[in-house]
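Pasted below: data20.pdb, PDB, C-alpha atoms.
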ATOM      1  CA  MET A 701      49.788   3.951 -66.454
ATOM      2  CA  HIS A 702      49.071   3.027 -62.838
ATOM      3  CA  PRO A 703      48.978   6.111 -60.580
ATOM      4  CA  ASN A 704      51.165   4.464 -57.907
ATOM      5  CA  ALA A 705      54.806   5.370 -58.623
ATOM      6  CA  ASN A 706      55.946   2.103 -57.009
ATOM      7  CA  TYR A 707      54.644   0.316 -60.092
ATOM      8  CA  HIS A 708      56.448   2.467 -62.651
ATOM      9  CA  ALA A 709      59.317   0.815 -64.499
ATOM     10  CA  HIS A 710      62.153   2.878 -65.914
ATOM     11  CA  GLY A 711      64.609   2.315 -68.724
ATOM     12  CA  GLY A 712      64.332   0.510 -72.031
ATOM     13  CA  ASP A 713      64.526  -3.068 -70.750
ATOM     14  CA  LEU A 714      60.768  -3.459 -70.306
ATOM     15  CA  GLU A 715      60.117  -1.910 -73.687
ATOM     16  CA  LYS A 716      62.547  -4.297 -75.343
ATOM     17  CA  SER A 717      61.196  -7.328 -73.487
ATOM     18  CA  LEU A 718      57.576  -6.568 -74.395
ATOM     19  CA  LEU A 719      57.854  -5.271 -77.956
ATOM     20  CA  ALA A 720      60.125  -7.991 -79.277
ATOM     21  CA  PRO A 721      58.516 -11.179 -77.935
ATOM     22  CA  ILE A 722      54.907  -9.975 -77.950
ATOM     23  CA  GLY A 723      55.123  -7.878 -81.107
ATOM     24  CA  PHE A 724      51.467  -6.918 -80.990
ATOM     25  CA  GLY A 725      49.616  -3.980 -79.509
ATOM     26  CA  MET A 726      46.971  -1.312 -79.802
ATOM     27  CA  VAL A 727      47.080   2.126 -81.429
ATOM     28  CA  PHE A 728      44.784   4.792 -79.981
ATOM     29  CA  LEU A 729      43.806   8.089 -81.586
ATOM     30  CA  THR A 730      40.951  10.543 -81.289
ATOM     31  CA  THR A 731      39.507  11.029 -84.783
ATOM     32  CA  PRO A 732      36.845  13.468 -85.977
ATOM     33  CA  GLU A 733      34.398  10.577 -85.504
ATOM     34  CA  GLY A 734      35.535  10.031 -81.912
ATOM     35  CA  PRO A 735      38.159   7.882 -80.142
ATOM     36  CA  ARG A 736      39.272   4.795 -82.043
ATOM     37  CA  VAL A 737      41.654   1.891 -81.459
ATOM     38  CA  ALA A 738      43.350  -0.493 -83.876
ATOM     39  CA  HIS A 739      45.096  -3.787 -83.049
ATOM     40  CA  THR A 740      48.275  -4.367 -85.011
ATOM     41  CA  PRO A 741      51.665  -6.104 -85.163
ATOM     42  CA  LEU A 742      54.471  -3.854 -83.934
ATOM     43  CA  PHE A 743      58.142  -3.716 -84.856
ATOM     44  CA  ARG A 744      60.734  -1.809 -82.835
ATOM     45  CA  ALA A 745      62.877  -0.376 -85.626
ATOM     46  CA  GLY A 746      65.087   1.598 -83.218
ATOM     47  CA  TYR A 747      65.070   2.915 -79.666
ATOM     48  CA  ASP A 748      62.764   5.783 -80.632
ATOM     49  CA  THR A 749      60.974   4.159 -83.569
ATOM     50  CA  VAL A 750      58.067   1.718 -83.768
ATOM     51  CA  GLN A 751      56.529   0.613 -87.064
ATOM     52  CA  PHE A 752      53.134  -0.933 -87.756
ATOM     53  CA  HIS A 753      50.581  -1.358 -90.508
ATOM     54  CA  LEU A 754      46.814  -1.134 -90.781
ATOM     55  CA  ALA A 755      44.184  -1.889 -93.373
ATOM     56  CA  ARG A 756      43.562   1.251 -95.417
ATOM     57  CA  SER A 757      39.875   0.849 -94.519
ATOM     58  CA  ASN A 758      40.662   1.038 -90.794
ATOM     59  CA  ALA A 759      39.022   4.040 -89.125
ATOM     60  CA  LEU A 760      42.436   5.268 -87.909
ATOM     61  CA  ALA A 761      44.323   4.997 -91.198
ATOM     62  CA  PRO A 762      43.218   8.331 -92.745
ATOM     63  CA  HIS A 763      44.034  10.292 -89.579
ATOM     64  CA  LEU A 764      47.377   8.946 -88.331
ATOM     65  CA  ASP A 765      49.836  10.711 -90.629
ATOM     66  CA  GLY A 766      51.090  13.787 -88.749
ATOM     67  CA  SER A 767      49.117  12.998 -85.583
ATOM     68  CA  LYS A 768      50.250  12.194 -82.051
ATOM     69  CA  ALA A 769      49.038   8.714 -81.123
ATOM     70  CA  LEU A 770      49.313   6.265 -78.246
ATOM     71  CA  LEU A 771      50.617   2.688 -78.554
ATOM     72  CA  VAL A 772      49.851   0.164 -75.813
ATOM     73  CA  VAL A 773      51.472  -3.254 -75.390
ATOM     74  CA  ASN A 774      50.027  -5.558 -72.753
ATOM     75  CA  GLY A 775      52.301  -8.037 -71.042
ATOM     76  CA  PRO A 776      51.182 -10.892 -68.798
ATOM     77  CA  ASP A 777      48.379 -10.306 -66.295
ATOM     78  CA  ALA A 778      46.519 -12.348 -63.689
ATOM     79  CA  TYR A 779      43.961 -12.224 -60.897
ATOM     80  CA  VAL A 780      45.580 -12.318 -57.450
ATOM     81  CA  SER A 781      43.555 -14.045 -54.726
ATOM     82  CA  PRO A 782      43.712 -13.093 -51.019
ATOM     83  CA  ARG A 783      44.035 -16.841 -50.307
ATOM     84  CA  TRP A 784      47.765 -16.320 -50.957
ATOM     85  CA  TYR A 785      48.104 -13.501 -48.383
ATOM     86  CA  ASP A 786      48.980 -13.785 -44.707
ATOM     87  CA  ASP A 787      45.830 -11.806 -43.902
ATOM     88  CA  ARG A 788      42.773 -12.736 -45.953
ATOM     89  CA  ALA A 789      40.723  -9.836 -44.513
ATOM     90  CA  THR A 790      41.240  -7.755 -47.635
ATOM     91  CA  VAL A 791      40.203  -7.785 -51.310
ATOM     92  CA  PRO A 792      41.591  -9.402 -54.489
ATOM     93  CA  THR A 793      43.640  -7.448 -57.005
ATOM     94  CA  TRP A 794      44.879  -7.821 -60.568
ATOM     95  CA  ASP A 795      48.592  -7.712 -61.329
ATOM     96  CA  TYR A 796      49.886  -6.871 -64.788
ATOM     97  CA  VAL A 797      52.649  -5.478 -66.958
ATOM     98  CA  ALA A 798      51.919  -2.842 -69.590
ATOM     99  CA  LEU A 799      53.778  -0.356 -71.751
ATOM    100  CA  GLU A 800      52.533   2.929 -73.244
ATOM    101  CA  LEU A 801      54.381   4.756 -76.014
ATOM    102  CA  GLU A 802      53.305   8.182 -77.215
ATOM    103  CA  GLY A 803      54.597  10.074 -80.222
ATOM    104  CA  GLN A 804      54.208  11.548 -83.670
ATOM    105  CA  VAL A 805      53.189   9.205 -86.469
ATOM    106  CA  ARG A 806      54.095   9.471 -90.126
ATOM    107  CA  ARG A 807      53.007   7.444 -93.126
ATOM    108  CA  MET A 808      55.704   5.119 -94.448
ATOM    109  CA  SER A 809      56.773   4.848 -98.066
ATOM    110  CA  ASP A 810      55.792   1.777-100.055
ATOM    111  CA  GLU A 811      59.420   0.610 -99.864
ATOM    112  CA  GLY A 812      59.406   0.989 -96.084
ATOM    113  CA  LEU A 813      56.117  -0.880 -95.755
ATOM    114  CA  ASP A 814      57.376  -3.703 -97.970
ATOM    115  CA  ALA A 815      60.492  -4.043 -95.802
ATOM    116  CA  LEU A 816      58.345  -4.031 -92.652
ATOM    117  CA  LEU A 817      56.132  -6.827 -93.969
ATOM    118  CA  HIS A 818      59.140  -8.987 -94.814
ATOM    119  CA  THR A 819      60.611  -8.345 -91.364
ATOM    120  CA  LEU A 820      57.363  -9.218 -89.581
ATOM    121  CA  ILE A 821      56.981 -12.423 -91.586
ATOM    122  CA  GLU A 822      60.582 -13.518 -90.945
ATOM    123  CA  ARG A 823      60.384 -12.725 -87.226
ATOM    124  CA  SER A 824      57.057 -14.501 -86.770
ATOM    125  CA  GLU A 825      57.996 -17.540 -88.845
ATOM    126  CA  ALA A 826      61.176 -17.984 -86.782
ATOM    127  CA  ARG A 827      58.997 -18.649 -83.729
ATOM    128  CA  ILE A 828      57.265 -21.632 -85.341
ATOM    129  CA  PRO A 829      59.053 -24.994 -85.568
ATOM    130  CA  GLY A 830      59.645 -26.403 -89.022
ATOM    131  CA  ALA A 831      60.390 -25.006 -92.458
ATOM    132  CA  PRO A 832      59.373 -21.333 -92.546
ATOM    133  CA  PHE A 833      57.029 -19.687 -94.993
ATOM    134  CA  MET A 834      58.875 -17.149 -97.144
ATOM    135  CA  ALA A 835      57.252 -13.960 -98.414
ATOM    136  CA  GLU A 836      58.618 -14.815-101.861
ATOM    137  CA  GLU A 837      56.218 -17.774-101.973
ATOM    138  CA  THR A 838      53.340 -15.341-102.458
ATOM    139  CA  PRO A 839      52.791 -14.747-106.202
ATOM    140  CA  PRO A 840      53.724 -11.141-107.123
ATOM    141  CA  ASP A 841      50.212 -10.300-108.351
ATOM    142  CA  THR A 842      48.689 -11.582-105.081
ATOM    143  CA  TRP A 843      51.251  -9.650-103.014
ATOM    144  CA  ALA A 844      50.578  -6.470-105.008
ATOM    145  CA  LYS A 845      46.810  -6.814-104.630
ATOM    146  CA  LEU A 846      46.998  -7.335-100.842
ATOM    147  CA  PHE A 847      49.691  -4.654-100.495
ATOM    148  CA  ARG A 848      47.310  -2.055-101.931
ATOM    149  CA  GLY A 849      44.910  -2.738 -99.074
ATOM    150  CA  ILE A 850      47.246  -1.696 -96.258
ATOM    151  CA  ALA A 851      49.197   1.349 -95.098
ATOM    152  CA  GLY A 852      52.414   1.456 -93.086
ATOM    153  CA  PHE A 853      53.115   3.878 -90.252
ATOM    154  CA  GLU A 854      56.083   4.807 -88.098
ATOM    155  CA  MET A 855      55.923   6.389 -84.653
ATOM    156  CA  THR A 856      58.738   8.515 -83.272
ATOM    157  CA  VAL A 857      58.474   7.796 -79.549
ATOM    158  CA  GLU A 858      58.450  10.949 -77.421
ATOM    159  CA  GLU A 859      57.150   9.558 -74.130
ATOM    160  CA  ARG A 860      57.309   6.157 -72.461
ATOM    161  CA  ARG A 861      55.112   5.062 -69.574
ATOM    162  CA  SER A 862      55.187   1.589 -68.128
ATOM    163  CA  THR A 863      53.473  -0.280 -65.328
ATOM    164  CA  VAL A 864      54.890  -3.322 -63.579
ATOM    165  CA  LYS A 865      52.371  -4.207 -60.872
ATOM    166  CA  LEU A 866      53.537  -7.400 -59.168
ATOM    167  CA  SER A 867      52.289  -7.092 -55.573
ATOM    168  CA  GLN A 868      55.388  -5.119 -54.608
ATOM    169  CA  LYS A 869      53.739  -4.022 -51.352
ATOM    170  CA  LYS A 870      53.664  -7.595 -50.078
ATOM    171  CA  ALA A 871      56.423  -9.239 -48.036
ATOM    172  CA  PRO A 872      58.907 -11.431 -49.957
ATOM    173  CA  HIS A 873      57.458 -14.683 -48.570
ATOM    174  CA  GLU A 874      53.943 -13.591 -49.624
ATOM    175  CA  ARG A 875      55.148 -12.682 -53.104
ATOM    176  CA  GLU A 876      56.691 -16.134 -53.421
ATOM    177  CA  ARG A 877      53.403 -17.703 -52.300
ATOM    178  CA  ILE A 878      51.531 -15.569 -54.853
ATOM    179  CA  ALA A 879      53.980 -16.629 -57.573
ATOM    180  CA  ASP A 880      53.447 -20.292 -56.650
ATOM    181  CA  GLY A 881      49.674 -19.805 -56.721
ATOM    182  CA  LEU A 882      49.772 -18.062 -60.077
ATOM    183  CA  GLU A 883      51.958 -20.773 -61.554
ATOM    184  CA  GLN A 884      49.592 -23.492 -60.323
ATOM    185  CA  ALA A 885      46.710 -21.517 -61.870
ATOM    186  CA  GLY A 886      48.454 -21.590 -65.257
ATOM    187  CA  HIS A 887      49.989 -18.095 -65.209
ATOM    188  CA  ARG A 888      53.610 -19.194 -65.547
ATOM    189  CA  GLU A 889      54.760 -16.039 -67.369
ATOM    190  CA  ILE A 890      53.718 -13.554 -64.695
ATOM    191  CA  ALA A 891      54.855 -15.931 -61.934
ATOM    192  CA  THR A 892      58.330 -15.885 -63.466
ATOM    193  CA  LEU A 893      58.323 -12.078 -63.430
ATOM    194  CA  TYR A 894      57.561 -12.115 -59.701
ATOM    195  CA  ARG A 895      60.737 -14.098 -59.147
ATOM    196  CA  ILE A 896      63.099 -12.141 -61.390
ATOM    197  CA  MET A 897      61.944  -8.565 -60.818
ATOM    198  CA  PRO A 898      62.875  -6.828 -57.565
ATOM    199  CA  ALA A 899      60.120  -5.793 -55.164
TER     200      ALA A 899
END
Using structure tokens, write down the structure that the file contains.
Amino acid sequence: MHPNANYHAHGGDLEKSLLAPIGFGMVFLTTPEGPRVAHTPLFRAGYDTVQFHLARSNALAPHLDGSKALLVVNGPDAYVSPRWYDDRATVPTWDYVALELEGQVRRMSDEGLDALLHTLIERSEARIPGAPFMAEETPPDTWAKLFRGIAGFEMTVEERRSTVKLSQKKAPHERERIADGLEQAGHREIATLYRIMPA
């Protein structure tokens, strides 16, 4: 989380807006072999609950059950050039949106993991135009074989930390100029956030 309190977002809106549409993040844990990170799909199963799965061979998998871990979801980010400022006698910066969730992790039952996989498939397929793939299309023996290679986990969220760094220290007309510049540079998503989030 950014140390400047001006960039801290509060409430569950950011969490909802990042976890649902992005649905992918990183899990961090210090293991006996040292710090490790895993990249995984995420599902917000409730306000205080996030579910995910990893390959059983992942370095984190044997150590997560009963541990406190950190989940990170990155939102849009972009380089901000001083060319968009009133005074160019300064340095560039990088604006971004990020969410950190910390909490206890438990191993899910096979039934819970199966439900999670179906949910992730349905949610992801709904984002793609055309006839969706259905989990039932996978032959049962293939599903069972692949299922044995993964483990499901559920985090009970105890702490939330979020950063929304969108050049809040700049004047409104500069922020609009930055948003225009970012949009022209192909960063439409973060440019939109500049315009809808208060300074």
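Closest approach to Glu800 (chain A) among A:Thr740, A:Asn774, A:Gln868, A:Thr731 is made by A:Asn774 (distances from only C-alpha atoms).
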Compile the contact shell of region 746-758 of chain A as number ranges by chain: residues with an atom at most 9 Å away, counting all atoms listed in the file, same-chain residues fewer than 5 positions apart removed. A: 712, 716, 738-741, 808, 813, 816-817, 848-858
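Take the PyMOL selection byres ((chain A and resi 773) around 10) and apply it to this file: it picks A:Glu715, A:Leu718, A:Leu719, A:Ile722, A:Gly723, A:Phe724, A:Gly725, A:Met726, A:Val727, A:His739, A:Leu742, A:Leu771, A:Val772, A:Asn774, A:Gly775, A:Val797, A:Ala798, A:Leu799, A:Glu800, A:Leu801, A:Ser862.
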Closest of A:Val805, A:Ala759, A:Ala885, A:Met834 to Thr819 (chain A) - atom-to-atom distances counting only C-alpha atoms: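 Checking each of A:Val805, A:Ala759, A:Ala885, A:Met834 against Thr819 (chain A), counting only C-alpha atoms, the winner is A:Met834.
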Among the residues A:Pro762, A:Ala769, A:Pro782, A:Ala745, the one that comes closest to Gly812 (chain A) [using all atoms listed in the file]: A:Ala745
Report, in Å to a single decimal, how far apart CA of Glu876 (chain A) and CA of Arg788 (chain A) are. 16.2 Å
Residue among A:Val864, A:Leu729, A:Leu820, A:Ala844 lying closest to Gln804 (chain A), counting only C-alpha atoms: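 Result for the nearest residue to Gln804 (chain A): A:Leu729.
Distance-wise, CA of Ala879 (chain A) and CA of Asp777 (chain A) end up 12.1 Å apart.
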Separation of CA of Thr730 (chain A) and CA of Lys768 (chain A), in Å?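 Going from CA of Thr730 (chain A) over to CA of Lys768 (chain A) covers 9.5 Å.
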Taking the file above as input, evaluate the PyMOL selection byres ((chain A and resi 766) around 6) and report the hits as a PDB file with C-alpha atoms, in the frame of the given file.
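Written file, out28.pdb:
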ATOM      1  CA  ASP A 765      49.836  10.711 -90.629  1.00  0.00           C
ATOM      2  CA  SER A 767      49.117  12.998 -85.583  1.00  0.00           C
ATOM      3  CA  VAL A 805      53.189   9.205 -86.469  1.00  0.00           C
ATOM      4  CA  ARG A 806      54.095   9.471 -90.126  1.00  0.00           C
TER       5      ARG A 806
END
Out of A:Ser867, A:Ala891, A:Leu846, A:Asp880, which residue has the shortest atom-to-atom distance to Thr793 (chain A) when counting all atoms listed in the file? A:Ser867
Box time for region 735-748 of chain A: axis-aligned, enclosing all its listed atoms, 4 Å extra on each side; report centre and edge lengths in Å to one decimal, as AutoDock Vina command-line options.
--center_x 51.6 --center_y 0.9 --center_z -82.6 --size_x 34.9 --size_y 22.0 --size_z 14.0
